[in-house]
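Shown here: input.txt, compact mmCIF, C-alpha atoms and all ligand atoms.
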# COMPACT_ATOMS: atom_id res chain seq x y z
CA MET N 1 122.15 76.03 123.40
CA TYR N 2 118.98 74.60 125.01
CA ASP N 3 119.10 71.27 126.84
CA LEU N 4 115.90 70.27 125.08
CA ILE N 5 113.67 71.59 122.33
CA ILE N 6 110.18 70.12 122.17
CA VAL N 7 108.57 70.39 118.74
CA GLY N 8 104.77 70.62 119.04
CA GLY N 9 102.56 72.29 121.65
CA GLY N 10 99.77 69.72 121.87
CA PRO N 11 98.99 67.66 124.99
CA ALA N 12 102.16 65.55 124.60
CA GLY N 13 104.49 68.52 124.07
CA LEU N 14 102.95 70.49 126.95
CA ALA N 15 103.09 67.51 129.35
CA ALA N 16 106.75 67.02 128.47
CA ALA N 17 107.44 70.74 128.97
CA LEU N 18 105.90 70.67 132.46
CA CYS N 19 108.22 67.84 133.40
CA ALA N 20 111.24 69.55 131.81
CA GLY N 21 110.46 72.58 133.99
CA THR N 22 110.30 70.55 137.20
CA LEU N 23 113.66 68.95 136.32
CA SER N 24 115.15 72.43 135.72
CA LEU N 25 116.06 71.66 132.12
CA ASP N 26 116.68 74.64 129.88
CA TYR N 27 113.96 73.87 127.34
CA LEU N 28 111.77 75.50 124.72
CA VAL N 29 108.55 74.36 123.03
CA ILE N 30 108.08 75.39 119.39
CA GLU N 31 104.52 75.21 118.03
CA LYS N 32 103.62 76.05 114.45
CA GLY N 33 100.01 76.96 115.22
CA LEU N 34 98.45 77.83 118.57
CA VAL N 35 98.51 75.91 121.86
CA ALA N 36 96.70 72.57 121.36
CA ASP N 37 96.19 73.17 117.67
CA THR N 38 94.83 69.67 116.96
CA VAL N 39 92.14 70.02 119.64
CA ARG N 40 91.18 73.32 117.98
CA GLN N 41 90.43 71.30 114.82
CA TYR N 42 87.72 69.29 116.60
CA PRO N 43 84.12 70.29 115.83
CA LEU N 44 82.94 73.26 117.89
CA ARG N 45 81.51 72.34 121.29
CA ARG N 46 82.37 68.65 120.72
CA ARG N 47 82.47 66.55 123.87
CA LEU N 48 85.60 64.42 124.06
CA PHE N 49 85.40 60.68 124.53
CA SER N 50 88.01 61.03 127.27
CA THR N 51 87.37 61.79 130.93
CA PRO N 52 88.78 64.94 132.59
CA ASP N 53 91.56 63.00 134.37
CA GLU N 54 92.70 61.57 131.02
CA VAL N 55 93.30 64.93 129.39
CA GLU N 56 94.38 67.22 132.22
CA LEU N 57 98.02 68.25 132.43
CA VAL N 58 97.99 68.79 136.18
CA THR N 59 96.18 66.22 138.31
CA GLY N 60 92.90 67.55 139.71
CA SER N 61 92.91 70.75 137.64
CA LEU N 62 89.79 69.85 135.62
CA SER N 63 86.51 69.25 137.46
CA PRO N 64 85.79 65.52 137.58
CA GLY N 65 82.56 64.12 136.20
CA GLN N 66 81.26 64.93 132.74
CA LYS N 67 83.55 64.43 129.76
CA PRO N 68 84.96 67.83 128.85
CA THR N 69 84.15 69.78 125.69
CA ARG N 70 86.70 70.96 123.11
CA GLU N 71 86.43 74.48 124.57
CA THR N 72 87.06 73.33 128.18
CA VAL N 73 90.13 71.39 127.10
CA ILE N 74 91.58 74.27 125.05
CA ASP N 75 91.01 76.67 127.99
CA HIS N 76 92.68 74.19 130.33
CA TYR N 77 95.78 73.91 128.12
CA ILE N 78 96.03 77.69 127.61
CA ASN N 79 95.62 78.34 131.35
CA THR N 80 98.19 75.70 132.24
CA VAL N 81 100.71 77.29 129.85
CA ALA N 82 100.12 80.68 131.47
CA GLU N 83 100.01 79.51 135.09
CA SER N 84 102.96 77.12 134.85
CA GLY N 85 105.05 79.49 132.78
CA ILE N 86 105.65 76.90 130.04
CA ARG N 87 108.24 78.37 127.68
CA ILE N 88 106.60 78.16 124.27
CA LYS N 89 106.91 79.98 120.96
CA VAL N 90 103.72 79.75 118.93
CA GLY N 91 103.31 80.49 115.22
CA GLU N 92 106.78 79.14 114.48
CA GLU N 93 107.23 75.98 112.43
CA VAL N 94 110.28 73.73 112.59
CA LEU N 95 111.22 73.13 108.96
CA HIS N 96 114.41 71.17 109.24
CA ILE N 97 116.60 69.66 111.97
CA GLU N 98 120.31 69.34 111.38
CA ALA N 99 122.62 67.20 113.51
CA GLU N 100 125.74 69.07 114.58
CA GLY N 101 128.14 66.20 115.04
CA ASP N 102 128.02 65.00 118.65
CA SER N 103 127.21 68.37 120.16
CA GLY N 104 123.48 68.55 119.42
CA PHE N 105 121.06 69.89 116.83
CA ARG N 106 120.24 73.05 114.88
CA LEU N 107 116.53 73.55 114.34
CA HIS N 108 115.71 75.73 111.35
CA THR N 109 112.30 77.34 111.71
CA THR N 110 110.13 79.78 109.82
CA ILE N 111 111.57 82.50 112.10
CA GLY N 112 115.22 81.55 112.67
CA VAL N 113 117.55 78.91 114.06
CA HIS N 114 117.62 77.36 117.56
CA GLU N 115 120.21 75.01 118.98
CA ALA N 116 119.55 72.17 121.41
CA ARG N 117 121.42 69.23 122.85
CA THR N 118 118.35 66.98 122.55
CA VAL N 119 115.07 67.16 120.62
CA LEU N 120 111.69 65.72 121.55
CA LEU N 121 109.28 65.47 118.62
CA ALA N 122 105.67 65.87 119.76
CA VAL N 123 104.25 66.69 116.34
CA GLY N 124 101.20 64.43 116.64
CA GLY N 125 99.69 61.93 114.24
CA PHE N 126 97.73 64.19 111.90
CA GLY N 127 100.41 66.09 109.98
CA VAL N 128 99.59 64.73 106.53
CA GLN N 129 95.95 64.99 105.51
CA ARG N 130 94.68 62.07 103.44
CA MET N 131 92.99 63.20 100.24
CA LEU N 132 90.26 61.37 98.35
CA GLY N 133 92.67 60.95 95.47
CA VAL N 134 89.98 61.34 92.79
CA PRO N 135 89.34 64.11 90.26
CA GLY N 136 87.73 67.10 91.99
CA ASP N 137 88.92 66.18 95.49
CA ASP N 138 90.21 69.73 96.04
CA LEU N 139 87.10 71.64 94.90
CA PRO N 140 86.09 74.39 97.33
CA PHE N 141 82.99 72.57 98.57
CA VAL N 142 85.04 69.51 99.57
CA SER N 143 86.22 69.82 103.22
CA TYR N 144 88.56 67.52 105.07
CA ARG N 145 87.50 68.88 108.42
CA PHE N 146 84.10 69.21 110.06
CA ALA N 147 83.68 72.23 112.31
CA GLU N 148 79.91 72.65 112.79
CA ALA N 149 76.61 71.42 111.44
CA GLU N 150 74.35 74.49 111.67
CA PRO N 151 75.38 76.18 108.36
CA PHE N 152 74.37 73.00 106.51
CA SER N 153 70.82 72.76 107.81
CA ARG N 154 68.53 71.70 104.90
CA ARG N 155 71.52 71.42 102.54
CA LYS N 156 72.51 68.32 100.61
CA THR N 157 75.64 66.98 102.28
CA LEU N 158 77.75 63.90 101.70
CA VAL N 159 80.01 62.58 104.47
CA ILE N 160 82.72 60.13 103.44
CA GLY N 161 84.48 57.89 105.96
CA GLY N 162 83.92 54.88 108.18
CA GLY N 163 85.47 56.23 111.38
CA ASN N 164 84.19 58.02 114.43
CA SER N 165 84.65 61.53 113.00
CA ALA N 166 82.52 60.76 109.95
CA ALA N 167 79.88 59.12 112.14
CA GLU N 168 79.77 62.09 114.54
CA ALA N 169 79.51 64.55 111.64
CA THR N 170 76.67 62.59 110.02
CA LEU N 171 74.77 62.54 113.28
CA ALA N 172 75.30 66.26 113.87
CA LEU N 173 74.14 67.05 110.31
CA ALA N 174 71.06 64.83 110.73
CA ASP N 175 70.26 66.66 113.97
CA VAL N 176 70.06 70.01 112.15
CA ASN N 177 67.91 68.53 109.37
CA ALA N 178 70.58 68.48 106.71
CA ASP N 179 69.89 66.11 103.80
CA VAL N 180 72.86 63.91 104.72
CA THR N 181 74.30 60.77 103.11
CA LEU N 182 77.15 58.76 104.62
CA SER N 183 79.40 56.79 102.26
CA ILE N 184 81.44 54.00 103.87
CA ARG N 185 83.72 51.43 102.30
CA GLN N 186 82.76 48.58 104.63
CA GLU N 187 79.50 46.66 104.38
CA SER N 188 78.05 47.99 107.64
CA LEU N 189 78.82 50.56 110.33
CA ARG N 190 79.58 47.75 112.75
CA VAL N 191 82.20 46.05 110.58
CA PRO N 192 85.72 47.27 111.06
CA SER N 193 87.28 48.04 107.71
CA ARG N 194 90.51 46.41 106.63
CA ASP N 195 91.18 49.01 103.99
CA GLY N 196 94.27 50.28 105.76
CA ARG N 197 92.97 53.86 105.82
CA ILE N 198 92.21 54.32 109.46
CA GLY N 199 90.28 57.37 110.55
CA GLU N 200 91.62 58.22 113.96
CA ALA N 201 94.19 55.48 114.28
CA GLU N 202 91.81 53.29 116.20
CA GLU N 203 93.74 50.27 115.00
CA LYS N 204 96.94 49.15 116.65
CA GLU N 205 99.39 46.68 115.23
CA GLY N 206 97.16 45.87 112.25
CA ALA N 207 94.27 44.43 114.29
CA PRO N 208 91.00 46.01 113.16
CA ARG N 209 88.61 47.10 115.88
CA PRO N 210 85.19 48.71 115.60
CA ARG N 211 85.96 52.36 114.95
CA ILE N 212 82.72 54.04 115.90
CA LYS N 213 82.15 54.65 119.58
CA PRO N 214 78.98 52.90 120.84
CA TRP N 215 77.42 56.15 122.03
CA VAL N 216 77.75 57.53 118.47
CA LEU N 217 76.89 54.30 116.63
CA GLU N 218 73.55 53.68 118.31
CA PRO N 219 71.97 57.10 117.68
CA LEU N 220 73.43 57.09 114.15
CA GLU N 221 71.82 53.74 113.37
CA ARG N 222 68.56 55.11 114.79
CA ALA N 223 68.81 58.22 112.60
CA ILE N 224 69.37 56.00 109.55
CA ASP N 225 66.42 53.77 110.47
CA GLU N 226 64.20 56.85 110.88
CA GLY N 227 65.28 58.21 107.47
CA LYS N 228 67.11 61.21 108.95
CA ALA N 229 70.39 60.10 107.33
CA LYS N 230 71.14 57.78 104.40
CA LEU N 231 73.90 55.17 104.41
CA VAL N 232 75.67 53.89 101.27
CA PRO N 233 77.76 50.87 102.30
CA LEU N 234 80.53 49.33 100.17
CA SER N 235 80.91 52.60 98.29
CA ARG N 236 83.86 54.54 96.90
CA VAL N 237 83.90 58.05 95.52
CA VAL N 238 85.23 58.07 91.98
CA ARG N 239 84.74 61.69 90.93
CA VAL N 240 83.61 65.05 92.26
CA SER N 241 82.45 67.56 89.63
CA SER N 242 82.40 71.33 89.95
CA ASP N 243 78.58 71.39 89.62
CA GLY N 244 78.41 69.41 92.91
CA THR N 245 77.77 65.98 91.39
CA VAL N 246 79.57 63.19 93.21
CA LEU N 247 79.92 59.79 91.58
CA LEU N 248 79.83 56.88 94.05
CA LYS N 249 80.57 53.34 92.97
CA THR N 250 79.29 50.26 94.81
CA PRO N 251 79.87 46.64 93.67
CA ASP N 252 76.61 46.63 91.71
CA ARG N 253 75.83 50.22 90.74
CA THR N 254 77.02 53.77 90.20
CA ILE N 255 75.21 56.47 92.14
CA GLU N 256 75.13 60.15 91.18
CA LEU N 257 74.59 62.43 94.14
CA LYS N 258 74.04 66.17 93.85
CA CYS N 259 75.71 67.84 96.85
CA ASP N 260 76.02 71.33 98.29
CA HIS N 261 78.92 70.17 100.43
CA VAL N 262 81.18 67.13 100.83
CA PHE N 263 82.98 66.23 104.08
CA ALA N 264 85.78 63.75 103.44
CA LEU N 265 86.60 62.67 106.99
CA ILE N 266 89.08 59.97 106.05
CA GLY N 267 91.82 60.73 108.51
CA ALA N 268 95.42 61.83 108.42
CA ASP N 269 98.85 60.34 108.94
CA PRO N 270 101.87 61.44 110.96
CA ASP N 271 104.32 63.73 109.21
CA THR N 272 107.73 62.10 109.59
CA THR N 273 109.59 64.48 107.25
CA LEU N 274 111.74 65.98 110.04
CA LEU N 275 112.84 62.50 111.12
CA ARG N 276 113.42 61.21 107.60
CA ARG N 277 115.61 64.18 106.74
CA LEU N 278 117.63 63.48 109.90
CA GLY N 279 118.13 59.92 108.65
CA ALA N 280 115.93 58.33 111.36
CA GLY N 281 114.27 54.97 110.76
CA ILE N 282 110.59 54.89 109.87
CA ALA N 283 108.69 51.60 110.25
CA ALA N 284 106.34 50.06 107.68
CA ASP N 285 103.33 51.53 109.51
CA GLY N 286 104.62 55.05 108.78
CA ARG N 287 105.57 55.74 112.40
CA PRO N 288 109.12 56.21 113.67
CA VAL N 289 111.31 53.37 114.83
CA TYR N 290 112.08 54.02 118.51
CA ASP N 291 113.26 52.28 121.64
CA PRO N 292 110.04 51.22 123.46
CA ASP N 293 111.59 52.02 126.87
CA THR N 294 113.22 55.38 126.21
CA PHE N 295 111.32 56.58 123.11
CA GLU N 296 114.63 57.54 121.53
CA SER N 297 114.52 57.39 117.74
CA THR N 298 117.31 55.78 115.74
CA VAL N 299 119.07 59.16 115.83
CA ARG N 300 120.85 59.55 119.15
CA GLY N 301 119.45 62.47 121.14
CA VAL N 302 116.16 62.69 119.19
CA PHE N 303 113.10 61.38 121.04
CA VAL N 304 109.42 60.99 120.11
CA THR N 305 106.22 61.23 122.15
CA GLY N 306 102.42 61.39 121.90
CA HIS N 307 100.41 60.52 118.84
CA LEU N 308 103.54 60.33 116.67
CA THR N 309 104.30 57.06 118.49
CA ARG N 310 102.07 54.01 118.68
CA ASP N 311 100.58 55.20 122.00
CA LEU N 312 97.46 56.87 120.76
CA HIS N 313 94.94 59.15 122.47
CA MET N 314 95.35 61.96 124.88
CA LYS N 315 95.59 59.93 128.06
CA ASN N 316 98.84 58.47 126.72
CA ALA N 317 100.04 61.80 125.33
CA VAL N 318 99.78 63.43 128.76
CA THR N 319 101.27 60.59 130.80
CA MET N 320 104.20 59.47 128.65
CA GLY N 321 105.97 62.84 128.76
CA ARG N 322 107.30 62.41 132.30
CA PRO N 323 109.22 59.13 131.87
CA ILE N 324 110.58 60.27 128.51
CA VAL N 325 111.80 63.62 129.83
CA GLU N 326 113.26 61.93 132.93
CA HIS N 327 115.20 59.73 130.57
CA ILE N 328 116.31 62.74 128.53
CA ALA N 329 117.53 64.40 131.75
CA SER N 330 119.62 61.38 132.66
CA PHE N 331 120.86 61.13 129.05
CA LEU N 332 122.04 64.75 129.27
CA LEU N 333 123.66 64.11 132.62
CA HIS N 334 125.38 60.77 132.07
CA GLN N 335 125.84 60.18 128.37
CA GLY N 336 125.57 63.70 127.10
CA VAL N 337 125.97 64.75 123.51
CA GLY N 338 128.89 67.09 124.12
CA GLY N 339 127.98 70.79 124.47
C1 LIG E 401 88.45 65.05 115.38
C2 LIG E 401 89.30 64.37 116.45
C3 LIG E 401 88.74 64.04 117.66
C4 LIG E 401 89.52 63.42 118.66
N1 LIG E 401 88.94 63.15 119.86
C5 LIG E 401 89.68 62.59 120.84
C6 LIG E 401 89.10 62.33 122.12
O1 LIG E 401 87.92 62.60 122.37
N2 LIG E 401 89.92 61.76 123.08
C7 LIG E 401 91.24 61.42 122.81
O2 LIG E 401 91.91 60.88 123.68
N3 LIG E 401 91.79 61.68 121.62
C8 LIG E 401 91.05 62.26 120.63
N4 LIG E 401 91.63 62.52 119.43
C9 LIG E 401 93.06 62.24 119.28
C10 LIG E 401 93.86 63.34 120.03
O3 LIG E 401 93.60 64.60 119.44
C11 LIG E 401 95.35 63.02 119.98
O4 LIG E 401 95.60 61.79 120.61
C12 LIG E 401 96.17 64.10 120.71
O5 LIG E 401 95.94 65.38 120.13
C13 LIG E 401 97.64 63.73 120.65
O6 LIG E 401 98.41 64.74 121.24
P1 LIG E 401 99.85 65.10 120.68
O7 LIG E 401 100.33 66.23 121.53
O8 LIG E 401 100.67 63.89 120.53
O9 LIG E 401 99.59 65.63 119.19
P2 LIG E 401 98.78 66.89 118.70
O10 LIG E 401 97.72 67.26 119.66
O11 LIG E 401 98.40 66.59 117.30
O12 LIG E 401 99.86 68.06 118.75
C14 LIG E 401 100.90 68.17 117.82
C15 LIG E 401 101.26 69.63 117.68
O13 LIG E 401 102.47 69.72 116.93
C16 LIG E 401 102.39 70.88 116.10
N5 LIG E 401 103.36 70.68 115.03
C17 LIG E 401 103.35 69.71 114.07
N6 LIG E 401 104.42 69.85 113.27
C18 LIG E 401 105.14 70.91 113.72
C19 LIG E 401 106.35 71.55 113.29
N7 LIG E 401 107.04 71.10 112.23
N8 LIG E 401 106.78 72.63 113.97
C20 LIG E 401 106.09 73.08 115.06
N9 LIG E 401 104.93 72.53 115.49
C21 LIG E 401 104.47 71.45 114.84
C22 LIG E 401 100.93 70.87 115.65
O14 LIG E 401 100.52 72.16 115.22
C23 LIG E 401 100.21 70.43 116.92
O15 LIG E 401 99.78 71.50 117.73
C24 LIG E 401 90.88 63.12 118.42
C25 LIG E 401 91.45 63.47 117.19
C26 LIG E 401 90.68 64.08 116.21
C27 LIG E 401 91.32 64.47 114.89

Spit out the file's structure as C-alpha cells when you get a sec.
Amino acid sequence: MYDLIIVGGGPAGLAAALCAGTLSLDYLVIEKGLVADTVRQYPLRRRLFSTPDEVELVTGSLSPGQKPTRETVIDHYINTVAESGIRIKVGEEVLHIEAEGDSGFRLHTTIGVHEARTVLLAVGGFGVQRMLGVPGDDLPFVSYRFAEAEPFSRRKTLVIGGGNSAAEATLALADVNADVTLSIRQESLRVPSRDGRIGEAEEKEGAPRPRIKPWVLEPLERAIDEGKAKLVPLSRVVRVSSDGTVLLKTPDRTIELKCDHVFALIGADPDTTLLRRLGAGIAADGRPVYDPDTFESTVRGVFVTGHLTRDLHMKNAVTMGRPIVEHIASFLLHQGVGG
C-alpha cells in the first residue's frame, strides 16, 4: 500500500510528487494522458502569461526573462520527471476511489487497482468541457479547442467566447488572414460578463474581472478597428447546421453566418466525479469543500490541490504542493489512517 497516490500529472501533481520524494513518502502519480496534459492542449507555440519562475518545478531551472512558450514548459516538465525520478504512470485513468474503512483507499483505474493510505487529487479544473448546448454543437467542424491558426487562413471562421482563449484565437486567426468573426455575450470586450460561464476561471468568489489580458485586448481591438476581425457583441448561438450555417441572436436581430469552422472556446469545469462518488462535499461553485489550511476534503485522508481548488493558475499549482504534502506526511505520521 502506497503512503500517497497523486491523481493527475499536471504542474500541481508533479510539484506535490517532488515534495513527496524529498519527504521519502512511498508515492505514485497516476496520469490519464501524458505529463502536463492540460499544457499540451494550449495552442501550439503559445507564450504563457506566466513568467518562468511561476511555472518551474525546481527553482532556477528555467532561464529567467521572456515568458516561456507551451513547448518550453512541456519540455521542462518532462525533463524534471526524468531527472528527478518522479514515479508516474501515464496513460492510466483513475475511474473510481473506494474508501477501505480506516485503512486507506483502493483506486480503480483503467489498468488495475492501487491501494494508498492517502490520496491527493490534482485533476485540474478543466475535466468537463462546456458545450454550446444548441442543436449542431457536436458537428465535426465545431471545435472546443484551438490548436493553430495556419490551416484556417482565408477560411470563414467563427470564434465563440468572451475569455482570453477566444480573444487569443481570434487574434491568431486574423493574423493569418482568416475571415474571422468573434461572438461574445457581453456588450464589449472590456466588460466582464456576469453570465456565470467563465472561460479560464478568471473570476474568484463571484467577483467579475476583465477576462482578456491587456496585451491580447489591445491588438485585438486594433484588428477589429482595421477590419481584420469582426465582433458581434451581445450575441448567442442558437443553432449550427450541417451546411455550416450558424444562427446568432442579438437583442435586435438574428444573424446567419456561413462558416468553414467554429471554435467554441467557452471554457470547462472541474470534474468532481471521483470526490462525489467518495461522498465528499462539493460547494455551490462546483469545486470541492476543503479545509483552507490543510486542503483536506470532507473525506478524511483525501486532499485536493492545483486548479481543482480555488487557487487558480500555475504559480499556485506549483507552490501549494509542498505545504499540502508536508501536512499529508504529518497526517500519516501522527494521525494515520491505520495500515
Ligand atoms: C488554453 C489555456 C491557457 C492557459 N494559460 C495559462 C497561463 O499562461 N498561465 C497560467 O498560470 N495558467 C494558464 N492556464 C491555466 C493552467 O493551465 C492551470 O492553472 C494549470 O494547468 C493547473 O495545473 P493542475 O496541475 O492543477 O491541473 P492540470 O494541469 O489541468 O492537470 C491535471 C491533470 O490531471 C489529469 N487527470 C484528470 N483526471 C484524471 C483521472 N481521473 N485520472 C488520472 N489523471 C487525471 C489530466 O489529464 C491532467 O494532466 C491556461 C489554461 C488553458 C486551458

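One distance worth recording is that between atom CA of Gly124 of chain N and atom CA of Thr298 of chain N, which is 18.3 Å.
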
Given 7 Å and all atoms listed in the file, residues near ligand LIG 401 (chain E) as a PyMOL selection string
chain N and resi 7-13+30-39+41-43+47-50+92-95+122-127+165+200+305-308+312-315+317

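Here atom CA of Val180 of chain N and atom CA of Arg145 of chain N stand 15.9 Å from one another.
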
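In this structure, atom CA of Asn177 of chain N sits 18.5 Å away from atom CA of Arg45 of chain N.
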
Tell me, as a VMD selection string, which residues lie within 9 Å of Leu265 of chain N, counting all atoms listed in the file; anything in the same chain fewer than 4 positions away does not count.
chain N and resid 130 143 to 146 159 to 163 165 to 166 169 199

Can you write out as JSON lines which residues of segment 98-143 of chain N fall within 9 Å of segment 247-263 of chain N, alongside each residue's closest atom pair and its distance in Å to one decimal, counting all atoms listed in the file and ordering rows by chain and ascending residue number?
{"residue": "N:Pro140", "atom": "CA", "partner": "N:His261", "partner_atom": "CA", "distance": 8.9}
{"residue": "N:Phe141", "atom": "CA", "partner": "N:His261", "partner_atom": "CA", "distance": 5.1}
{"residue": "N:Val142", "atom": "CA", "partner": "N:Val262", "partner_atom": "CA", "distance": 4.7}
{"residue": "N:Ser143", "atom": "CA", "partner": "N:Phe263", "partner_atom": "CA", "distance": 4.9}

Can I get the selected residues back with C-alpha atoms, as a PDB file, keeping the file's coordinate frame?
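The new file result-v9.pdb reads:
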ATOM      1  CA  PRO N 140      86.090  74.390  97.330  1.00  0.00           C
ATOM      2  CA  PHE N 141      82.990  72.570  98.570  1.00  0.00           C
ATOM      3  CA  VAL N 142      85.040  69.510  99.570  1.00  0.00           C
ATOM      4  CA  SER N 143      86.220  69.820 103.220  1.00  0.00           C
TER       5      SER N 143
END

Please tabulate, as a tab-separated table, the residues of segment 158-186 of chain N that come within 9 Å of segment 227-235 of chain N, each with its closest pair of atoms and the distance in Å to one decimal, counting all atoms listed in the file and ordering rows by chain, then residue number upward.
residue	atom	partner	partner_atom	distance
N:Thr170	CA	N:Ala229	CA	7.3
N:Leu171	CA	N:Ala229	CA	7.8
N:Leu173	CA	N:Ala229	CA	8.4
N:Ala174	CA	N:Lys228	CA	5.6
N:Asp175	CA	N:Lys228	CA	8.1
N:Asn177	CA	N:Lys228	CA	7.4
N:Ala178	CA	N:Lys228	CA	8.4
N:Asp179	CA	N:Ala229	CA	7.0
N:Val180	CA	N:Ala229	CA	5.2
N:Thr181	CA	N:Lys230	CA	4.5
N:Leu182	CA	N:Leu231	CA	4.8
N:Ser183	CA	N:Val232	CA	4.8
N:Ile184	CA	N:Pro233	CA	5.1
N:Arg185	CA	N:Leu234	CA	4.4
N:Gln186	CA	N:Leu234	CA	5.0

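Excluding Arg46 of chain N and any residue on its chain fewer than 4 positions from it, the residues at most 9 Å away by all atoms listed in the file are Tyr42, Pro68, Thr69, Arg70 and Glu71 of chain N.
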
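Distances to Thr59 of chain N were evaluated for N:Thr319, N:Glu115, N:Tyr290, N:Arg300 using all atoms listed in the file, and the minimum falls at N:Thr319.
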
Just need the box for segment 30-46 of chain N, edges along x, y and z, holding every atom the file lists for it with 5 Å tacked onto each side, so centre and edge lengths in Å to one decimal, as AutoDock Vina command-line options.
--center_x 94.8 --center_y 73.2 --center_z 118.2 --size_x 36.6 --size_y 19.2 --size_z 17.4

Hey, which of N:Val29, N:Leu121, N:Val191, N:Val134 ends up closest to Ala264 of chain N? Count all atoms listed in the file.
N:Val134
